[in-house]
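Next comes input_37.cif, with mmCIF, C-alpha atoms.
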data_target
#
loop_
_atom_site.label_atom_id
_atom_site.label_comp_id
_atom_site.auth_asym_id
_atom_site.auth_seq_id
_atom_site.Cartn_x
_atom_site.Cartn_y
_atom_site.Cartn_z
CA MET A 15 5.97 53.38 58.95
CA THR A 16 8.20 52.95 55.95
CA ARG A 17 6.81 54.52 52.83
CA GLU A 18 6.67 52.04 50.05
CA ASN A 19 4.73 51.15 46.95
CA VAL A 20 3.99 47.46 46.63
CA ILE A 21 2.52 45.16 44.03
CA PHE A 22 0.87 41.87 45.00
CA ILE A 23 -0.21 39.94 41.95
CA ALA A 24 -0.46 36.51 40.36
CA THR A 25 0.72 35.66 36.87
CA SER A 26 0.92 32.67 34.57
CA LEU A 27 4.41 31.24 34.01
CA ASP A 28 4.56 33.27 30.82
CA GLY A 29 3.75 36.47 32.65
CA TYR A 30 0.06 37.12 32.00
CA ILE A 31 -2.26 38.47 34.69
CA ALA A 32 -5.44 37.76 32.71
CA ASP A 33 -6.32 36.00 29.49
CA GLU A 34 -7.24 37.85 26.32
CA GLU A 35 -10.84 38.30 27.48
CA GLY A 36 -9.71 39.63 30.85
CA SER A 37 -10.63 36.43 32.71
CA ILE A 38 -8.56 35.34 35.70
CA ASP A 39 -9.97 31.81 35.86
CA PHE A 40 -6.45 30.46 35.32
CA LEU A 41 -5.64 31.40 38.93
CA GLU A 42 -7.39 28.17 39.98
CA THR A 43 -5.06 25.94 37.93
CA GLY A 44 -4.10 22.87 39.94
CA LYS A 45 -5.97 24.01 43.05
CA THR A 46 -6.81 21.16 45.39
CA GLN A 47 -7.32 22.93 48.73
CA GLU A 48 -10.37 25.12 49.16
CA ASP A 49 -8.75 27.30 51.81
CA GLU A 50 -5.34 28.11 50.40
CA ASP A 51 -3.56 30.87 52.28
CA THR A 52 -2.30 33.20 49.59
CA GLY A 53 -0.99 35.70 52.13
CA PHE A 54 -3.30 38.33 50.69
CA ASP A 55 -5.26 39.02 53.90
CA ALA A 56 -2.08 39.50 55.93
CA PHE A 57 -0.72 41.72 53.17
CA MET A 58 -3.86 43.87 53.08
CA GLU A 59 -3.66 44.48 56.81
CA GLU A 60 -0.42 46.36 56.22
CA VAL A 61 -1.73 48.43 53.33
CA ASP A 62 -2.73 52.08 53.93
CA ALA A 63 -4.38 52.65 50.57
CA LEU A 64 -4.79 51.16 47.11
CA VAL A 65 -4.00 52.85 43.82
CA MET A 66 -5.58 51.25 40.77
CA GLY A 67 -6.32 52.15 37.19
CA ARG A 68 -9.73 52.59 35.71
CA GLY A 69 -9.75 49.10 34.17
CA THR A 70 -9.19 47.42 37.52
CA TYR A 71 -11.71 49.71 39.20
CA GLU A 72 -14.36 48.72 36.65
CA ALA A 73 -13.52 45.03 37.03
CA VAL A 74 -13.90 45.35 40.81
CA MET A 75 -17.22 47.22 40.43
CA SER A 76 -18.49 44.35 38.27
CA PHE A 77 -18.12 42.00 41.27
CA GLY A 78 -21.12 43.75 42.82
CA VAL A 79 -19.52 44.00 46.26
CA TRP A 80 -16.83 46.52 47.11
CA PRO A 81 -14.13 44.33 48.65
CA TYR A 82 -11.72 46.85 50.16
CA GLU A 83 -11.58 48.21 53.66
CA ALA A 84 -8.60 50.45 52.91
CA PRO A 85 -9.19 53.64 50.92
CA VAL A 86 -8.95 53.23 47.16
CA PHE A 87 -7.62 55.83 44.73
CA VAL A 88 -8.68 55.37 41.13
CA LEU A 89 -6.08 56.75 38.76
CA SER A 90 -7.97 58.30 35.88
CA ARG A 91 -8.01 61.41 33.77
CA SER A 92 -11.36 60.55 32.22
CA LEU A 93 -13.58 59.45 35.11
CA GLU A 94 -15.52 62.41 36.47
CA TYR A 95 -17.12 60.93 39.54
CA LEU A 96 -17.58 57.68 41.44
CA PRO A 97 -20.95 56.33 42.56
CA GLU A 98 -22.40 57.74 45.78
CA GLU A 99 -22.05 54.37 47.54
CA LEU A 100 -18.24 54.69 47.35
CA SER A 101 -18.22 58.03 49.12
CA GLY A 102 -15.53 57.92 51.80
CA ARG A 103 -14.16 54.65 50.44
CA ALA A 104 -12.82 55.56 47.02
CA GLU A 105 -11.89 58.68 45.13
CA ILE A 106 -10.44 59.69 41.78
CA ILE A 107 -6.83 60.81 41.60
CA GLU A 108 -4.70 62.15 38.77
CA GLY A 109 -1.00 62.58 38.15
CA THR A 110 2.25 60.80 37.46
CA PRO A 111 3.23 57.89 39.70
CA ALA A 112 5.58 60.21 41.63
CA GLU A 113 2.92 62.90 42.01
CA VAL A 114 0.28 60.45 43.15
CA THR A 115 2.65 58.81 45.62
CA SER A 116 3.73 62.12 47.04
CA ALA A 117 0.14 63.37 47.37
CA LEU A 118 -0.96 60.20 49.16
CA ASN A 119 2.11 60.11 51.40
CA GLU A 120 1.36 63.69 52.47
CA ARG A 121 -2.13 62.59 53.43
CA GLY A 122 -0.66 59.91 55.69
CA PHE A 123 -0.95 56.91 53.37
CA ASP A 124 2.53 55.41 53.52
CA ARG A 125 2.19 51.88 52.24
CA LEU A 126 0.46 51.88 48.88
CA TYR A 127 -0.79 48.80 47.10
CA ILE A 128 -0.44 49.52 43.38
CA ASP A 129 -2.78 47.36 41.30
CA GLY A 130 -3.81 46.79 37.70
CA GLY A 131 -1.63 45.94 34.71
CA LEU A 132 -1.23 49.36 33.10
CA THR A 133 -0.93 51.14 36.45
CA ILE A 134 1.78 48.76 37.63
CA GLN A 135 3.60 49.20 34.33
CA SER A 136 3.58 52.99 34.57
CA PHE A 137 4.82 52.89 38.18
CA LEU A 138 7.61 50.45 37.22
CA GLU A 139 8.66 52.60 34.27
CA ASP A 140 9.03 55.55 36.65
CA ASP A 141 10.86 53.37 39.22
CA MET A 142 8.11 53.94 41.76
CA ILE A 143 7.70 50.31 42.90
CA ASP A 144 9.63 49.32 46.03
CA ARG A 145 8.38 45.80 46.64
CA MET A 146 6.90 43.08 44.44
CA ILE A 147 5.06 40.01 45.70
CA ILE A 148 4.49 37.83 42.67
CA THR A 149 2.72 34.48 42.60
CA ARG A 150 3.38 32.18 39.66
CA ILE A 151 0.51 29.90 38.67
CA PRO A 152 1.63 26.66 36.92
CA ILE A 153 0.19 27.34 33.49
CA LEU A 154 1.36 28.82 30.22
CA LEU A 155 -1.54 30.91 28.96
CA GLY A 156 0.07 31.60 25.61
CA ALA A 157 -1.61 34.99 25.30
CA GLY A 158 -3.32 37.58 27.46
CA ARG A 159 -2.66 40.75 29.40
CA PRO A 160 0.97 40.94 30.48
CA LEU A 161 2.15 41.97 33.94
CA PHE A 162 5.30 43.62 32.64
CA SER A 163 5.90 45.82 29.65
CA GLN A 164 9.07 47.25 28.17
CA MET A 165 11.00 49.56 30.48
CA THR A 166 13.62 52.14 29.61
CA GLU A 167 15.99 51.04 32.38
CA PRO A 168 16.59 47.71 34.11
CA ALA A 169 15.76 47.53 37.82
CA ILE A 170 17.58 45.29 40.28
CA PHE A 171 15.69 43.66 43.13
CA ARG A 172 16.70 41.63 46.18
CA HIS A 173 14.98 38.31 46.79
CA VAL A 174 13.32 38.43 50.22
CA GLU A 175 11.51 35.11 50.46
CA THR A 176 9.71 32.46 48.49
CA THR A 177 6.79 30.42 49.76
CA LEU A 178 4.54 27.79 48.23
CA ILE A 179 0.77 28.07 48.10
CA GLY A 180 -1.07 24.75 48.08
CA GLU A 181 2.03 23.04 46.63
CA ARG A 182 1.14 24.50 43.23
CA ALA A 183 1.83 28.23 43.18
CA VAL A 184 5.12 29.90 44.01
CA THR A 185 5.09 33.31 45.70
CA SER A 186 8.30 35.30 45.67
CA GLU A 187 8.82 38.63 47.38
CA TYR A 188 11.37 41.10 46.06
CA GLU A 189 12.48 44.52 47.21
CA ARG A 190 13.99 47.14 44.98
CA VAL A 191 17.70 47.79 45.37
CA ARG A 192 18.68 51.34 44.46
CA GLU A 193 22.34 52.21 44.53
CA MET B 23 14.33 5.72 30.90
CA THR B 24 11.35 7.98 30.48
CA ARG B 25 11.37 9.90 27.25
CA GLU B 26 11.02 13.57 27.91
CA ASN B 27 11.96 16.93 26.51
CA VAL B 28 13.21 19.36 29.13
CA ILE B 29 14.14 23.02 29.29
CA PHE B 30 16.57 24.35 31.89
CA ILE B 31 16.93 28.08 31.65
CA ALA B 32 17.26 31.31 33.60
CA THR B 33 15.18 34.42 33.01
CA SER B 34 14.78 37.89 34.40
CA LEU B 35 11.62 38.52 36.44
CA ASP B 36 10.07 39.97 33.29
CA GLY B 37 10.85 36.85 31.31
CA TYR B 38 13.94 37.70 29.27
CA ILE B 39 16.73 35.17 28.70
CA ALA B 40 19.16 37.74 27.29
CA ASP B 41 19.26 41.49 26.91
CA GLU B 42 18.72 43.24 23.59
CA GLU B 43 22.36 42.68 22.58
CA GLY B 44 22.17 38.99 23.49
CA SER B 45 24.21 39.42 26.69
CA ILE B 46 23.46 37.20 29.69
CA ASP B 47 25.47 39.27 32.17
CA PHE B 48 22.26 39.83 34.15
CA LEU B 49 22.51 36.22 35.39
CA GLU B 50 25.05 37.47 37.95
CA THR B 51 22.63 39.95 39.55
CA GLY B 52 22.93 39.81 43.32
CA LYS B 53 25.48 37.00 43.28
CA THR B 54 27.55 36.80 46.46
CA GLN B 55 28.81 33.19 46.45
CA GLU B 56 31.39 32.18 43.87
CA ASP B 57 30.35 28.53 43.88
CA GLU B 58 26.58 28.63 43.68
CA ASP B 59 25.03 25.26 42.92
CA THR B 60 22.56 25.93 40.13
CA GLY B 61 21.74 22.24 39.75
CA PHE B 62 22.95 22.40 36.16
CA ASP B 63 25.68 19.75 36.50
CA ALA B 64 23.30 17.26 38.09
CA PHE B 65 20.74 18.05 35.42
CA MET B 66 23.25 17.51 32.60
CA GLU B 67 24.17 14.08 33.93
CA GLU B 68 20.63 12.96 33.17
CA VAL B 69 20.54 14.41 29.66
CA ASP B 70 21.00 12.09 26.67
CA ALA B 71 21.32 14.80 24.05
CA LEU B 72 20.86 18.53 23.47
CA VAL B 73 18.75 20.14 20.80
CA MET B 74 19.51 23.78 20.10
CA GLY B 75 18.86 26.34 17.42
CA ARG B 76 21.46 27.93 15.22
CA GLY B 77 21.60 31.09 17.33
CA THR B 78 22.47 29.21 20.50
CA TYR B 79 24.96 27.04 18.61
CA GLU B 80 26.76 30.13 17.33
CA ALA B 81 26.76 31.69 20.81
CA VAL B 82 28.29 28.52 22.23
CA MET B 83 30.92 28.41 19.47
CA SER B 84 31.90 31.97 20.34
CA PHE B 85 32.95 30.76 23.82
CA GLY B 86 35.95 29.07 22.16
CA VAL B 87 35.54 25.84 24.12
CA TRP B 88 32.85 23.26 23.35
CA PRO B 89 31.25 22.71 26.76
CA TYR B 90 29.05 19.67 26.20
CA GLU B 91 29.83 16.03 26.80
CA ALA B 92 26.41 14.88 25.60
CA PRO B 93 25.75 14.86 21.86
CA VAL B 94 24.37 18.11 20.45
CA PHE B 95 21.88 18.41 17.61
CA VAL B 96 21.75 21.79 15.92
CA LEU B 97 18.32 22.49 14.50
CA SER B 98 18.86 24.33 11.25
CA ARG B 99 17.64 24.36 7.68
CA SER B 100 20.39 26.70 6.53
CA LEU B 101 23.60 25.36 8.10
CA GLU B 102 25.32 22.97 5.71
CA TYR B 103 28.09 21.56 7.86
CA LEU B 104 29.69 21.89 11.26
CA PRO B 105 33.43 22.33 11.82
CA GLU B 106 35.57 19.19 11.74
CA GLU B 107 36.42 19.56 15.43
CA LEU B 108 32.78 18.85 16.32
CA SER B 109 32.74 15.56 14.47
CA GLY B 110 31.16 12.94 16.72
CA ARG B 111 30.02 15.61 19.17
CA ALA B 112 27.49 17.64 17.23
CA GLU B 113 25.45 17.31 14.08
CA ILE B 114 22.83 19.21 12.13
CA ILE B 115 19.22 18.09 12.31
CA GLU B 116 16.08 19.27 10.53
CA GLY B 117 12.38 18.85 11.10
CA THR B 118 9.46 19.82 13.28
CA PRO B 119 9.78 19.41 17.05
CA ALA B 120 7.82 16.13 16.85
CA GLU B 121 9.93 14.82 13.97
CA VAL B 122 13.21 15.73 15.65
CA THR B 123 12.09 14.19 18.95
CA SER B 124 10.97 11.01 17.28
CA ALA B 125 14.18 10.70 15.25
CA LEU B 126 16.35 11.18 18.33
CA ASN B 127 14.25 8.85 20.49
CA GLU B 128 14.67 6.15 17.83
CA ARG B 129 18.42 6.60 18.06
CA GLY B 130 18.25 5.98 21.80
CA PHE B 131 18.31 9.56 23.03
CA ASP B 132 15.40 9.64 25.45
CA ARG B 133 15.92 12.67 27.63
CA LEU B 134 16.44 15.74 25.46
CA TYR B 135 17.57 19.13 26.71
CA ILE B 136 15.90 21.69 24.46
CA ASP B 137 17.78 24.99 24.46
CA GLY B 138 17.65 28.42 22.86
CA GLY B 139 14.82 30.93 22.82
CA LEU B 140 13.32 30.29 19.40
CA THR B 141 13.80 26.53 19.64
CA ILE B 142 12.09 26.39 23.03
CA GLN B 143 9.24 28.52 21.69
CA SER B 144 8.67 26.23 18.71
CA PHE B 145 8.72 23.12 20.93
CA LEU B 146 6.25 24.75 23.34
CA GLU B 147 3.92 25.78 20.53
CA ASP B 148 3.84 22.14 19.39
CA ASP B 149 3.36 20.92 22.99
CA MET B 150 6.65 19.03 22.84
CA ILE B 151 8.03 20.17 26.22
CA ASP B 152 7.44 17.82 29.16
CA ARG B 153 9.43 19.50 31.92
CA MET B 154 10.59 23.04 32.61
CA ILE B 155 13.24 24.04 35.13
CA ILE B 156 13.17 27.80 35.26
CA THR B 157 15.40 30.04 37.37
CA ARG B 158 14.24 33.58 38.05
CA ILE B 159 16.99 36.15 38.49
CA PRO B 160 15.99 39.16 40.65
CA ILE B 161 16.06 41.85 37.99
CA LEU B 162 13.64 43.49 35.60
CA LEU B 163 15.56 43.88 32.34
CA GLY B 164 12.83 45.93 30.70
CA ALA B 165 13.69 44.63 27.25
CA GLY B 166 15.51 41.75 25.59
CA ARG B 167 14.96 38.30 24.17
CA PRO B 168 11.92 36.66 25.73
CA LEU B 169 11.77 33.07 26.92
CA PHE B 170 8.12 32.65 25.98
CA SER B 171 6.18 33.79 22.95
CA GLN B 172 2.51 33.63 22.10
CA MET B 173 1.06 30.14 21.96
CA THR B 174 -2.13 28.95 20.27
CA GLU B 175 -3.23 26.86 23.27
CA PRO B 176 -2.62 27.17 27.02
CA ALA B 177 -0.60 24.40 28.67
CA ILE B 178 -1.09 23.30 32.27
CA PHE B 179 1.89 22.21 34.35
CA ARG B 180 2.31 20.67 37.79
CA HIS B 181 4.69 22.30 40.23
CA VAL B 182 7.34 19.75 41.25
CA GLU B 183 9.70 21.70 43.47
CA THR B 184 11.20 25.09 44.11
CA THR B 185 14.69 25.72 45.42
CA LEU B 186 16.74 28.81 46.11
CA ILE B 187 20.15 29.43 44.58
CA GLY B 188 22.44 31.59 46.66
CA GLU B 189 19.41 33.17 48.37
CA ARG B 190 18.87 35.31 45.27
CA ALA B 191 17.55 33.17 42.45
CA VAL B 192 14.45 30.97 42.55
CA THR B 193 14.41 27.73 40.58
CA SER B 194 11.07 26.08 39.98
CA GLU B 195 10.54 22.76 38.25
CA TYR B 196 7.29 22.02 36.45
CA GLU B 197 6.04 19.01 34.57
CA ARG B 198 3.45 19.09 31.85
CA VAL B 199 0.00 17.76 32.71
CA ARG B 200 -1.84 16.38 29.69
CA GLU B 201 -5.38 15.18 30.25
#
If you took the structure in this file and wrote it as structure tokens, what would it be?
Amino acid sequence: MTRENVIFIATSLDGYIADEEGSIDFLETGKTQEDEDTGFDAFMEEVDALVMGRGTYEAVMSFGVWPYEAPVFVLSRSLEYLPEELSGRAEIIEGTPAEVTSALNERGFDRLYIDGGLTIQSFLEDDMIDRMIITRIPILLGAGRPLFSQMTEPAIFRHVETTLIGERAVTSEYERVRE
Amino acid sequence: MTRENVIFIATSLDGYIADEEGSIDFLETGKTQEDEDTGFDAFMEEVDALVMGRGTYEAVMSFGVWPYEAPVFVLSRSLEYLPEELSGRAEIIEGTPAEVTSALNERGFDRLYIDGGLTIQSFLEDDMIDRMIITRIPILLGAGRPLFSQMTEPAIFRHVETTLIGERAVTSEYERVRE
């Protein structure tokens, strides 16, 4: 399988992935169908492992139910251990985006789902994102936690496809073009 | 005709409308067809007047050829006069977004094309934008002049339609939903 690092995330039209309090309630804006197909389940079937930052890990833990079947790697220098119940399902990992990717690739995890604002930003800065699947929700939040941050170098992508979700959200897939 | 204020603008995937030097060369990213239909000409036919800030006005002047058939209103408190050659084609206007809109509507200009980063931002902050036609170019610039800035209140929009330009750029049209 092709090795690639992928992001799959929804943002407001002004580029926020959560409001200032960390809430993602805005994702429901304009929703009229209960059973929208966001493509997330199909996407997850192709994922070998997830890499997320500590903030996202803690947000997921607060849900009360661990939602991932694929192995999760929590990128953290400060976490010392994960709860017993996550044994075999999640572990702590350290290193630069390139180091983490290389370590996971060597362990047979080829397609990595990179998640969480700061984690995505550090992978983008190091040009370690190969594919982006971004869903735009029809709202301007005005403030919040941004998907993108400043980067030292621009990065060109190729548009792969765009689909509509529930006639309200626009999902575009892009792959990195390196020349 | 319905009175509405509209923006029609292209941004990078990370939301910049120009790079740090003000260049818009990134708009060409991935372009393979010389004669892409961006929808701009059709859009302009429905515009009664343009409202732009001083920065955009000066950028347009630097092109050497005045490109607009519709009347242009340059929003500025500091400009004192426009060159003679623009007589009858452009004039200076002052006021808040609501005041400017109201003044132009009274003069029979119903559909206003609001252009320029800071001008768009001030109209959005005052909830004076009714329609947004935004084209996403497949590049992360990493830095530059942002389309959106912080806003005091969120603003919900309805997705109208999404079209592809040259299989590389994604244009989505949104209209403001006020409840």
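Applying a distance limit of 6 Å to all atoms listed in the file, the residues of chain A near chain B read Pro152, Ile153, Leu154, Leu155, Gly156, Ala157, Gln164, Met165, Pro168, Ala169, Ile170, Phe171, His173 and Arg182 of chain A.
Across the structure, CA of Glu43 (chain B) and CA of Ile134 (chain A) are spaced 26.2 Å apart.
Residues surrounding Asp62 (chain A) within 7 Å are A:Ala84, A:Phe123, A:Asp124, A:Arg125, A:Leu126 [all atoms listed in the file; sequence separation below 3 positions excluded].
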Translate the PyMOL selection byres ((chain B and resi 28) around 10) into a concrete residue list for this structure, as a list of chain:residue names.
B:Arg25, B:Glu26, B:Asn27, B:Ile29, B:Phe30, B:Ile31, B:Phe65, B:Val69, B:Leu72, B:Arg133, B:Leu134, B:Tyr135, B:Ile136, B:Asp137, B:Ile142, B:Met150, B:Ile151, B:Asp152, B:Arg153, B:Met154, B:Ile155, B:Tyr196, B:Glu197
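Going from CA of Gly77 (chain B) over to CA of Ala64 (chain B), you cover 25.0 Å.
Atom pair CA of Val86 (chain A) / CA of Ser116 (chain A): separated by 15.5 Å.
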For Asp55 (chain A), please output as a ChimeraX atom specification all residues within 12 Å (counting all atoms listed in the file; exclusion window: fewer than 3 positions along the same chain).
/A:22,50-52,58-61,81-84
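Using all atoms listed in the file, the shortest contact distance between Gln135 (chain A) and any of A:Asn119, A:Pro97, A:Thr46, A:Met66 is found at A:Met66.
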Counting all atoms listed in the file, the residue among B:Val87, B:Ala32, B:Leu104, B:Val96 that lies closest to Arg167 (chain B) is B:Ala32
